[in-house]
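S.K.: Have a peek at input.cif (mmCIF, C-alpha atoms).
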```
data_structure
#
loop_
_atom_site.label_atom_id
_atom_site.label_comp_id
_atom_site.auth_asym_id
_atom_site.auth_seq_id
_atom_site.Cartn_x
_atom_site.Cartn_y
_atom_site.Cartn_z
CA MET S 19 25.71 18.01 -1.73
CA LYS S 20 22.19 19.13 -0.85
CA PRO S 21 19.98 16.05 -0.32
CA SER S 22 17.25 15.72 -2.89
CA LEU S 23 14.35 13.49 -3.79
CA THR S 24 12.28 13.15 -6.93
CA PHE S 25 8.53 13.07 -6.34
CA TRP S 26 6.75 11.21 -9.14
CA TYR S 27 3.06 12.00 -9.25
CA GLU S 28 0.04 11.37 -11.44
CA PHE S 29 -2.76 13.94 -11.44
CA ALA S 30 -5.53 11.33 -11.45
CA SER S 31 -4.10 9.54 -8.39
CA THR S 32 -5.75 10.08 -5.02
CA TYR S 33 -2.67 9.12 -2.99
CA SER S 34 -0.51 11.39 -5.15
CA TRP S 35 -2.80 14.18 -3.94
CA LEU S 36 -2.17 13.30 -0.29
CA ALA S 37 1.57 13.22 -0.96
CA ALA S 38 1.44 16.57 -2.75
CA GLU S 39 -0.24 18.11 0.30
CA ARG S 40 2.51 17.13 2.72
CA ILE S 41 5.79 16.54 0.89
CA GLU S 42 7.11 20.10 1.18
CA ALA S 43 6.67 20.06 4.97
CA ILE S 44 8.15 16.58 5.48
CA ALA S 45 11.10 17.04 3.13
CA GLY S 46 11.66 20.62 4.22
CA ALA S 47 11.94 19.63 7.89
CA ALA S 48 14.68 17.16 6.89
CA GLY S 49 16.52 19.63 4.67
CA VAL S 50 15.74 17.58 1.56
CA GLY S 51 14.93 19.33 -1.71
CA VAL S 52 12.08 17.96 -3.80
CA ARG S 53 11.90 17.78 -7.57
CA TRP S 54 8.28 17.44 -8.68
CA ARG S 55 7.84 15.29 -11.79
CA ALA S 56 4.40 14.68 -13.22
CA PHE S 57 4.04 11.53 -15.27
CA LEU S 58 1.25 9.38 -16.69
CA LEU S 59 0.26 6.06 -15.19
CA GLY S 60 -2.00 5.22 -18.15
CA PRO S 61 0.76 3.80 -20.38
CA ILE S 62 2.24 1.90 -17.42
CA PHE S 63 -1.13 0.39 -16.49
CA ALA S 64 -1.79 -0.42 -20.13
CA ALA S 65 1.45 -2.42 -20.21
CA GLN S 66 -0.07 -4.51 -17.36
CA GLY S 67 -3.24 -5.06 -19.33
CA TRP S 68 -5.40 -2.54 -17.47
CA THR S 69 -7.49 0.00 -19.32
CA THR S 70 -8.50 1.86 -16.16
CA SER S 71 -7.38 2.38 -12.56
CA PRO S 72 -6.77 -0.76 -10.46
CA PHE S 73 -9.31 0.79 -8.08
CA ASN S 74 -11.92 0.22 -10.80
CA VAL S 75 -10.48 -3.09 -12.01
CA PHE S 76 -10.72 -4.51 -8.45
CA PRO S 77 -13.92 -3.19 -6.81
CA ALA S 78 -13.11 -4.27 -3.21
CA LYS S 79 -9.76 -2.50 -3.49
CA GLY S 80 -11.54 0.57 -4.82
CA ARG S 81 -14.12 0.65 -2.02
CA ASN S 82 -11.33 0.46 0.53
CA MET S 83 -9.36 3.22 -1.19
CA TRP S 84 -12.23 5.72 -1.06
CA ARG S 85 -12.95 4.93 2.57
CA ASP S 86 -9.25 5.12 3.43
CA LEU S 87 -8.97 8.43 1.59
CA GLU S 88 -11.81 9.88 3.71
CA ARG S 89 -10.03 8.76 6.87
CA GLN S 90 -6.64 10.12 5.76
CA CYS S 91 -8.17 13.48 4.79
CA GLU S 92 -9.75 13.75 8.22
CA LEU S 93 -6.45 12.91 9.94
CA MET S 94 -4.60 15.41 7.73
CA GLY S 95 -7.16 18.18 8.19
CA LEU S 96 -7.97 18.28 4.48
CA PRO S 97 -11.40 19.18 3.07
CA LYS S 98 -13.97 16.45 2.54
CA VAL S 99 -13.43 14.31 -0.56
CA VAL S 100 -15.68 14.85 -3.57
CA ARG S 101 -15.27 11.99 -6.01
CA PRO S 102 -14.61 13.15 -9.54
CA ASP S 103 -16.87 11.67 -12.18
CA PRO S 104 -15.57 9.81 -14.05
CA PHE S 105 -12.75 8.40 -11.97
CA PRO S 106 -9.97 8.39 -12.96
CA GLN S 107 -9.99 11.75 -14.71
CA ASN S 108 -8.01 12.16 -17.90
CA SER S 109 -4.85 13.79 -16.56
CA LEU S 110 -3.01 14.43 -19.83
CA LEU S 111 -3.65 18.17 -20.08
CA ALA S 112 -2.85 18.83 -16.42
CA ALA S 113 0.37 16.81 -16.68
CA ARG S 114 1.42 18.73 -19.78
CA ALA S 115 0.71 22.06 -18.07
CA ALA S 116 2.77 20.98 -15.04
CA THR S 117 5.58 19.92 -17.36
CA ALA S 118 5.51 23.29 -19.11
CA LEU S 119 5.69 25.27 -15.86
CA ALA S 120 8.95 26.26 -14.22
CA ASP S 121 10.00 23.90 -11.40
CA ALA S 122 9.25 26.45 -8.69
CA LEU S 123 5.66 26.97 -9.85
CA ARG S 124 4.76 23.29 -10.11
CA PRO S 125 3.89 22.57 -6.45
CA ASN S 126 1.24 25.27 -6.11
CA PHE S 127 -0.27 24.51 -9.48
CA SER S 128 -0.36 20.79 -8.79
CA ARG S 129 -2.00 21.15 -5.38
CA ALA S 130 -4.61 23.46 -6.90
CA VAL S 131 -5.41 20.87 -9.58
CA TYR S 132 -5.76 18.16 -6.93
CA ARG S 133 -8.03 20.31 -4.76
CA ALA S 134 -10.23 21.22 -7.74
CA GLN S 135 -10.50 17.55 -8.68
CA PHE S 136 -10.85 15.82 -5.31
CA THR S 137 -12.56 18.41 -3.12
CA GLU S 138 -14.73 20.20 -5.73
CA GLY S 139 -15.21 17.43 -8.29
CA ARG S 140 -14.17 19.69 -11.14
CA PRO S 141 -13.18 18.08 -14.48
CA ILE S 142 -9.45 18.58 -14.78
CA ALA S 143 -9.39 17.50 -18.42
CA ASP S 144 -11.39 20.64 -19.20
CA ARG S 145 -9.15 23.38 -20.58
CA ARG S 146 -11.26 26.07 -18.91
CA VAL S 147 -10.80 24.48 -15.47
CA LEU S 148 -7.04 24.46 -15.96
CA ALA S 149 -7.10 28.00 -17.35
CA ALA S 150 -8.85 29.21 -14.18
CA ILE S 151 -6.25 27.53 -11.97
CA LEU S 152 -3.37 28.81 -14.12
CA SER S 153 -4.70 32.35 -14.00
CA ASP S 154 -3.50 32.44 -10.37
CA ILE S 155 0.00 31.20 -11.28
CA PRO S 156 2.72 33.48 -12.66
CA ASP S 157 3.33 32.68 -16.31
CA GLY S 158 0.30 30.36 -16.17
CA GLU S 159 -1.12 31.54 -19.48
CA HIS S 160 2.08 30.64 -21.21
CA ALA S 161 2.04 27.14 -19.66
CA LEU S 162 -1.49 26.53 -20.94
CA ALA S 163 -0.47 27.54 -24.45
CA ALA S 164 2.63 25.36 -24.16
CA THR S 165 0.56 22.21 -23.54
CA ASP S 166 0.24 21.94 -27.31
CA ALA S 167 3.95 22.40 -28.00
CA PRO S 168 5.86 19.37 -29.29
CA ALA S 169 8.62 20.00 -26.72
CA THR S 170 6.12 19.78 -23.84
CA LYS S 171 4.57 16.59 -25.17
CA ALA S 172 8.01 15.05 -25.66
CA ALA S 173 9.12 16.04 -22.15
CA LEU S 174 6.07 14.39 -20.56
CA ARG S 175 6.57 11.26 -22.65
CA ALA S 176 10.22 11.21 -21.52
CA ALA S 177 9.16 11.53 -17.86
CA THR S 178 6.75 8.61 -18.21
CA ASP S 179 9.38 6.51 -19.97
CA GLU S 180 11.94 7.35 -17.29
CA ALA S 181 9.47 6.47 -14.54
CA GLN S 182 8.86 3.08 -16.11
CA SER S 183 12.57 2.44 -16.62
CA ARG S 184 13.18 3.25 -12.94
CA GLY S 185 10.75 0.48 -11.99
CA ILE S 186 7.84 2.76 -11.11
CA PHE S 187 4.48 0.99 -11.34
CA GLY S 188 2.21 3.27 -9.30
CA ALA S 189 1.93 6.74 -7.85
CA PRO S 190 3.08 8.49 -5.87
CA SER S 191 6.64 7.18 -6.02
CA PHE S 192 9.90 8.66 -4.80
CA THR S 193 13.42 8.13 -6.11
CA THR S 194 16.69 9.17 -4.52
CA ALA S 195 19.89 10.28 -6.27
CA SER S 196 21.20 6.69 -6.18
CA GLY S 197 17.99 5.35 -7.72
CA GLU S 198 16.42 3.89 -4.57
CA LEU S 199 12.67 3.60 -5.23
CA PHE S 200 9.88 4.04 -2.70
CA TRP S 201 6.24 3.55 -3.61
CA GLY S 202 3.27 5.16 -1.96
CA ASN S 203 2.39 8.12 0.23
CA ASP S 204 3.04 5.89 3.25
CA ARG S 205 6.73 5.57 2.31
CA MET S 206 7.40 9.31 2.04
CA GLU S 207 9.12 9.62 5.42
CA GLN S 208 11.44 6.67 4.67
CA ALA S 209 12.26 8.06 1.23
CA VAL S 210 13.13 11.44 2.72
CA ALA S 211 15.33 9.84 5.36
CA TRP S 212 17.08 7.74 2.69
CA ALA S 213 17.76 10.79 0.52
CA ARG S 214 19.21 12.57 3.54
CA ARG S 215 21.50 9.66 4.41
CA GLU S 216 22.75 9.43 0.84
CA ALA S 217 23.86 13.07 0.97
CA HIS S 218 25.27 12.88 4.54
CA PRO S 219 26.58 9.33 4.87
CA MET Z 23 -16.12 -3.01 26.80
CA LYS Z 24 -12.49 -3.96 26.20
CA PRO Z 25 -11.39 -2.58 22.82
CA SER Z 26 -10.58 -5.30 20.32
CA LEU Z 27 -9.39 -5.72 16.78
CA THR Z 28 -9.43 -8.68 14.42
CA PHE Z 29 -6.13 -9.30 12.64
CA TRP Z 30 -6.69 -11.09 9.34
CA TYR Z 31 -3.53 -12.72 8.06
CA GLU Z 32 -2.40 -15.05 5.29
CA PHE Z 33 0.64 -17.24 5.92
CA ALA Z 34 2.09 -16.72 2.43
CA SER Z 35 1.93 -12.92 2.75
CA THR Z 36 5.13 -11.02 3.46
CA TYR Z 37 3.40 -7.97 4.92
CA SER Z 38 1.24 -10.22 7.11
CA TRP Z 39 4.55 -11.40 8.55
CA LEU Z 40 5.65 -7.85 9.39
CA ALA Z 41 2.26 -7.20 10.99
CA ALA Z 42 2.48 -10.43 13.02
CA GLU Z 43 5.84 -9.31 14.39
CA ARG Z 44 4.55 -6.04 15.79
CA ILE Z 45 0.81 -6.18 16.39
CA GLU Z 46 0.98 -7.42 19.99
CA ALA Z 47 3.24 -4.52 20.99
CA ILE Z 48 1.25 -1.84 19.13
CA ALA Z 49 -2.17 -3.06 20.24
CA GLY Z 50 -0.98 -3.89 23.73
CA ALA Z 51 0.35 -0.37 24.29
CA ALA Z 52 -3.10 0.97 23.38
CA GLY Z 53 -4.97 -1.55 25.56
CA VAL Z 54 -6.54 -3.18 22.51
CA GLY Z 55 -7.02 -6.95 22.41
CA VAL Z 56 -6.19 -8.77 19.18
CA ARG Z 57 -8.03 -11.71 17.71
CA TRP Z 58 -5.78 -13.52 15.22
CA ARG Z 59 -7.66 -15.00 12.26
CA ALA Z 60 -5.79 -16.88 9.56
CA PHE Z 61 -7.52 -16.97 6.18
CA LEU Z 62 -6.64 -17.83 2.59
CA LEU Z 63 -6.08 -15.19 -0.07
CA GLY Z 64 -6.02 -17.80 -2.84
CA PRO Z 65 -9.80 -18.00 -3.30
CA ILE Z 66 -10.09 -14.19 -3.08
CA PHE Z 67 -7.34 -13.67 -5.68
CA ALA Z 68 -8.91 -16.35 -7.88
CA ALA Z 69 -12.17 -14.37 -7.85
CA GLN Z 70 -10.14 -11.47 -9.34
CA GLY Z 71 -8.75 -13.72 -12.06
CA TRP Z 72 -5.30 -14.20 -10.52
CA THR Z 73 -3.78 -17.64 -10.17
CA THR Z 74 -0.79 -16.42 -8.16
CA SER Z 75 0.29 -13.50 -5.99
CA PRO Z 76 -0.09 -10.00 -7.47
CA PHE Z 77 3.64 -9.68 -6.75
CA ASN Z 78 4.17 -12.33 -9.43
CA VAL Z 79 1.40 -11.13 -11.74
CA PHE Z 80 2.97 -7.63 -11.80
CA PRO Z 81 6.78 -7.99 -11.84
CA ALA Z 82 7.65 -4.32 -11.11
CA LYS Z 83 5.34 -4.44 -8.10
CA GLY Z 84 7.03 -7.65 -7.00
CA ARG Z 85 10.56 -6.25 -7.31
CA ASN Z 86 9.55 -3.27 -5.22
CA MET Z 87 7.92 -5.49 -2.58
CA TRP Z 88 11.07 -7.57 -2.02
CA ARG Z 89 13.24 -4.47 -1.79
CA ASP Z 90 10.76 -2.77 0.51
CA LEU Z 91 10.60 -5.88 2.68
CA GLU Z 92 14.39 -5.81 3.09
CA ARG Z 93 14.22 -2.17 4.14
CA GLN Z 94 11.35 -2.74 6.59
CA CYS Z 95 13.12 -5.73 8.17
CA GLU Z 96 16.21 -3.63 8.71
CA LEU Z 97 14.17 -0.81 10.27
CA MET Z 98 12.33 -3.32 12.48
CA GLY Z 99 15.46 -5.19 13.54
CA LEU Z 100 14.25 -8.44 11.98
CA PRO Z 101 16.57 -11.07 10.50
CA LYS Z 102 17.55 -10.84 6.84
CA VAL Z 103 14.88 -12.01 4.39
CA VAL Z 104 15.33 -15.37 2.70
CA ARG Z 105 12.90 -15.70 -0.19
CA PRO Z 106 10.93 -18.92 -0.11
CA ASP Z 107 10.97 -20.91 -3.31
CA PRO Z 108 8.39 -21.04 -4.75
CA PHE Z 109 6.74 -17.80 -3.75
CA PRO Z 110 4.00 -17.74 -2.67
CA GLN Z 111 4.17 -20.90 -0.59
CA ASN Z 112 1.06 -23.05 -0.30
CA SER Z 113 -0.32 -21.87 3.04
CA LEU Z 114 -3.25 -24.25 3.41
CA LEU Z 115 -1.75 -26.61 5.99
CA ALA Z 116 -0.33 -23.80 8.13
CA ALA Z 117 -3.65 -21.96 8.06
CA ARG Z 118 -5.49 -25.12 9.10
CA ALA Z 119 -3.05 -25.72 11.95
CA ALA Z 120 -3.48 -22.11 13.14
CA THR Z 121 -7.25 -22.55 12.96
CA ALA Z 122 -7.08 -25.74 15.04
CA LEU Z 123 -4.95 -24.13 17.77
CA ALA Z 124 -6.45 -22.34 20.76
CA ASP Z 125 -6.59 -18.54 20.33
CA ALA Z 126 -3.84 -17.94 22.88
CA LEU Z 127 -1.37 -20.23 21.08
CA ARG Z 128 -1.91 -18.80 17.62
CA PRO Z 129 0.44 -15.77 17.79
CA ASN Z 130 3.58 -17.72 18.73
CA PHE Z 131 2.84 -20.46 16.25
CA SER Z 132 2.14 -17.98 13.46
CA ARG Z 133 5.29 -15.97 14.03
CA ALA Z 134 7.33 -19.17 14.05
CA VAL Z 135 5.83 -20.19 10.70
CA TYR Z 136 6.63 -16.77 9.23
CA ARG Z 137 10.21 -16.87 10.50
CA ALA Z 138 10.76 -20.38 9.13
CA GLN Z 139 9.39 -19.29 5.78
CA PHE Z 140 10.85 -15.81 5.32
CA THR Z 141 14.12 -15.95 7.25
CA GLU Z 142 15.10 -19.60 6.70
CA GLY Z 143 13.36 -20.34 3.40
CA ARG Z 144 11.76 -23.48 4.79
CA PRO Z 145 8.78 -24.98 2.92
CA ILE Z 146 5.75 -24.36 5.11
CA ALA Z 147 3.54 -26.67 3.08
CA ASP Z 148 5.70 -29.55 4.31
CA ARG Z 149 4.03 -31.40 7.17
CA ARG Z 150 7.41 -32.09 8.80
CA VAL Z 151 8.29 -28.40 8.89
CA LEU Z 152 5.01 -27.64 10.61
CA ALA Z 153 5.43 -30.63 12.94
CA ALA Z 154 8.82 -29.28 14.08
CA ILE Z 155 7.32 -25.86 14.79
CA LEU Z 156 4.30 -27.33 16.55
CA SER Z 157 6.51 -29.51 18.74
CA ASP Z 158 7.41 -26.30 20.61
CA ILE Z 159 3.75 -25.31 21.09
CA PRO Z 160 1.55 -26.77 23.85
CA ASP Z 161 -1.02 -29.09 22.31
CA GLY Z 162 0.78 -28.67 18.97
CA GLU Z 163 0.62 -32.35 18.09
CA HIS Z 164 -3.13 -32.29 18.42
CA ALA Z 165 -3.37 -29.25 16.15
CA LEU Z 166 -1.37 -31.01 13.45
CA ALA Z 167 -3.66 -34.03 13.61
CA ALA Z 168 -6.68 -31.72 13.54
CA THR Z 169 -5.65 -30.20 10.20
CA ASP Z 170 -7.39 -33.15 8.56
CA ALA Z 171 -10.59 -32.82 10.58
CA PRO Z 172 -13.69 -31.67 8.70
CA ALA Z 173 -14.43 -29.12 11.45
CA THR Z 174 -11.01 -27.47 10.96
CA LYS Z 175 -11.41 -27.32 7.21
CA ALA Z 176 -14.90 -25.86 7.57
CA ALA Z 177 -13.72 -23.26 10.09
CA LEU Z 178 -10.96 -22.05 7.75
CA ARG Z 179 -13.38 -21.91 4.83
CA ALA Z 180 -15.75 -19.89 7.00
CA ALA Z 181 -12.95 -17.47 7.93
CA THR Z 182 -12.08 -16.95 4.27
CA ASP Z 183 -15.75 -16.46 3.35
CA GLU Z 184 -16.17 -14.00 6.20
CA ALA Z 185 -13.05 -12.09 5.15
CA GLN Z 186 -14.40 -11.75 1.64
CA SER Z 187 -17.84 -10.68 2.84
CA ARG Z 188 -16.22 -8.01 5.01
CA GLY Z 189 -14.61 -6.54 1.90
CA ILE Z 190 -11.13 -7.92 2.52
CA PHE Z 191 -9.07 -8.19 -0.68
CA GLY Z 192 -5.51 -8.45 0.65
CA ALA Z 193 -3.49 -9.21 3.74
CA PRO Z 194 -2.90 -8.19 6.39
CA SER Z 195 -6.22 -6.55 7.11
CA PHE Z 196 -7.78 -5.35 10.34
CA THR Z 197 -11.46 -5.05 11.27
CA THR Z 198 -12.96 -3.34 14.28
CA ALA Z 199 -16.09 -4.33 16.21
CA SER Z 200 -18.20 -1.99 14.06
CA GLY Z 201 -16.80 -3.49 10.85
CA GLU Z 202 -14.38 -0.70 9.93
CA LEU Z 203 -11.77 -2.20 7.58
CA PHE Z 204 -8.11 -1.27 7.35
CA TRP Z 205 -5.78 -2.82 4.79
CA GLY Z 206 -2.06 -3.26 5.12
CA ASN Z 207 0.65 -3.35 7.76
CA ASP Z 208 0.99 0.43 7.32
CA ARG Z 209 -2.56 0.97 8.61
CA MET Z 210 -2.12 -1.01 11.84
CA GLU Z 211 -1.69 2.05 14.06
CA GLN Z 212 -4.81 3.69 12.67
CA ALA Z 213 -6.81 0.47 13.05
CA VAL Z 214 -5.73 0.15 16.68
CA ALA Z 215 -6.64 3.79 17.38
CA TRP Z 216 -10.04 3.28 15.73
CA ALA Z 217 -10.77 0.16 17.80
CA ARG Z 218 -9.87 2.08 20.93
CA ARG Z 219 -12.16 4.99 20.06
CA GLU Z 220 -15.07 2.64 19.35
CA ALA Z 221 -14.77 1.19 22.83
CA HIS Z 222 -14.15 4.55 24.58
CA PRO Z 223 -16.11 7.06 22.52
#
```
Could the structure of this file be written out as structure tokens, please?
M.R.:
Amino acid sequence: MKPSLTFWYEFASTYSWLAAERIEAIAGAAGVGVRWRAFLLGPIFAAQGWTTSPFNVFPAKGRNMWRDLERQCELMGLPKVVRPDPFPQNSLLAARAATALADALRPNFSRAVYRAQFTEGRPIADRRVLAAILSDIPDGEHALAATDAPATKAALRAATDEAQSRGIFGAPSFTTASGELFWGNDRMEQAVAWARREAHP
Amino acid sequence: MKPSLTFWYEFASTYSWLAAERIEAIAGAAGVGVRWRAFLLGPIFAAQGWTTSPFNVFPAKGRNMWRDLERQCELMGLPKVVRPDPFPQNSLLAARAATALADALRPNFSRAVYRAQFTEGRPIADRRVLAAILSDIPDGEHALAATDAPATKAALRAATDEAQSRGIFGAPSFTTASGELFWGNDRMEQAVAWARREAHP
């Protein structure tokens, strides 16, 4: 069995961005395949009584996150952070587009959405912003049209429900074939190693 | 100038425990001195409207923390986790005793309190539990007596106030001489490297 890992990400999440930038290299080096699954944190946060990101609910936590993000981007050689306004961005349309795309096209599209949002400050809820990104992706036009399709909406709802039922409460998260859950960009290496051990015990 | 880092820790915090187990080795290898400062998260959490640990306030987050803690202990070669009941423990007495001890005695005492709490499930709010631990520490008896002294209480309050004014919202945290703040056991290596660069620019 080829080792595999599911990468659960939310387009409005800064640490999901960092994970998206490095997961192919980290997992690839370990021979672990990655399944990218976009989901929405909004409904999960709402179930905890939050109407916005915890980084807004708790200002000291938010200040630390933005400073930490600057430091991580510098360490990772990423462009300088531009904070989107408002933060968090409404990620529904981007998540639907990612859901509508074929698996193989999702990583490039998702990274492009993150870069537009967090290094250019572009509004990812704007259909024209997504259309511009999708114009560089094969079959991108079709994915944009498919964001309105009932099947796409249902698939994204199912992903969010599945995330919640797997115990996911934040993003990024990683789950292995056996259901082992790892939360946060900082746990990526351990999640990859776990997935590898499950396949080669 | 000798590089130095302040290690802010809360006795009831599981990840503060993991940090306490490894900070001397990590910082020592980099030639960075560590100042151990116990503080209380209770007043900081209360300011956010929480009356208990976020790991209790948000059950999915709590389930993940306990599982993650088991995994980290295994990776670090630490004994199996025994969950204290209740969690979090009242850490006031332990924090006062740590505050009353000389700087050089604080690391051994603090690790012993963490081990009693998280690998034996002993109640660290119990004066007898602390007395047994302090009986192995030079001048430990004096520190226990000093937990009731107004100067000790004031010093711990000052540490907690200072933590909050430095932007600390969780534990463990690390601050450098310039005030750079790092949150979480996972940021220890970066905090140590930062402290080193500040001293040897």
S.K.: What does the PyMOL selection byres ((chain S and resi 139) around 9) select in this file, as a ChimeraX atom specification?
M.R.: /S:99-103,133-138,140-142
S.K.: Written as a PyMOL selection string, which residues does the PyMOL selection byres ((chain S) within 8 of (chain Z)) give for the file shown?
M.R.: chain S and resi 66+76+78-79+82+86+185-187+199-201+204
S.K.: Going by the chain IDs and residue numbers used in this file, which residues fall under the PyMOL selection byres ((chain Z and resi 63) around 12)? Write them as a ChimeraX atom specification.
M.R.: /Z:30-35,38,60-62,64-70,72-76,110-114,117,178-179,181-186,190-195
S.K.: At a cut-off of 12 Å, using only C-alpha atoms, what residues contact S:Thr117? Leave out same-chain residues fewer than 2 positions from it and give the result as JSON, numbers by chain.
M.R.: {"S": [27, 28, 29, 53, 54, 55, 56, 57, 58, 110, 111, 112, 113, 114, 115, 119, 120, 121, 122, 123, 124, 125, 127, 128, 158, 160, 161, 162, 164, 165, 166, 167, 168, 169, 170, 171, 172, 173, 174, 175, 176, 177, 178]}
S.K.: So what do you get for atom CA of S:Trp35 versus atom CA of S:Ala48, distance-wise?
M.R.: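 Pair atom CA of S:Trp35 / atom CA of S:Ala48 returns 20.8 Å.
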S.K.: Which is closer to S:Ala38 than all the others in S:Phe192, S:Phe105, S:Tyr132, S:Trp212, using only C-alpha atoms?
M.R.: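 Result for the nearest residue to S:Ala38: S:Tyr132.
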S.K.: Taking all listed atoms of stretch 131-141 of chain S, build the axis-aligned box, pad each of the six sides by 8 Å, then write its centre and edge lengths in Å to one decimal as AutoDock Vina command-line options.
M.R.:
```
--center_x -10.3 --center_y 18.5 --center_z -8.8 --size_x 25.8 --size_y 21.4 --size_z 27.4
```
S.K.: Can you measure atom CA of S:Arg214 to atom CA of S:Lys20 for me? One decimal in Å is fine.
M.R.: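 According to the coordinates, atom CA of S:Arg214 and atom CA of S:Lys20 are separated by 8.4 Å.
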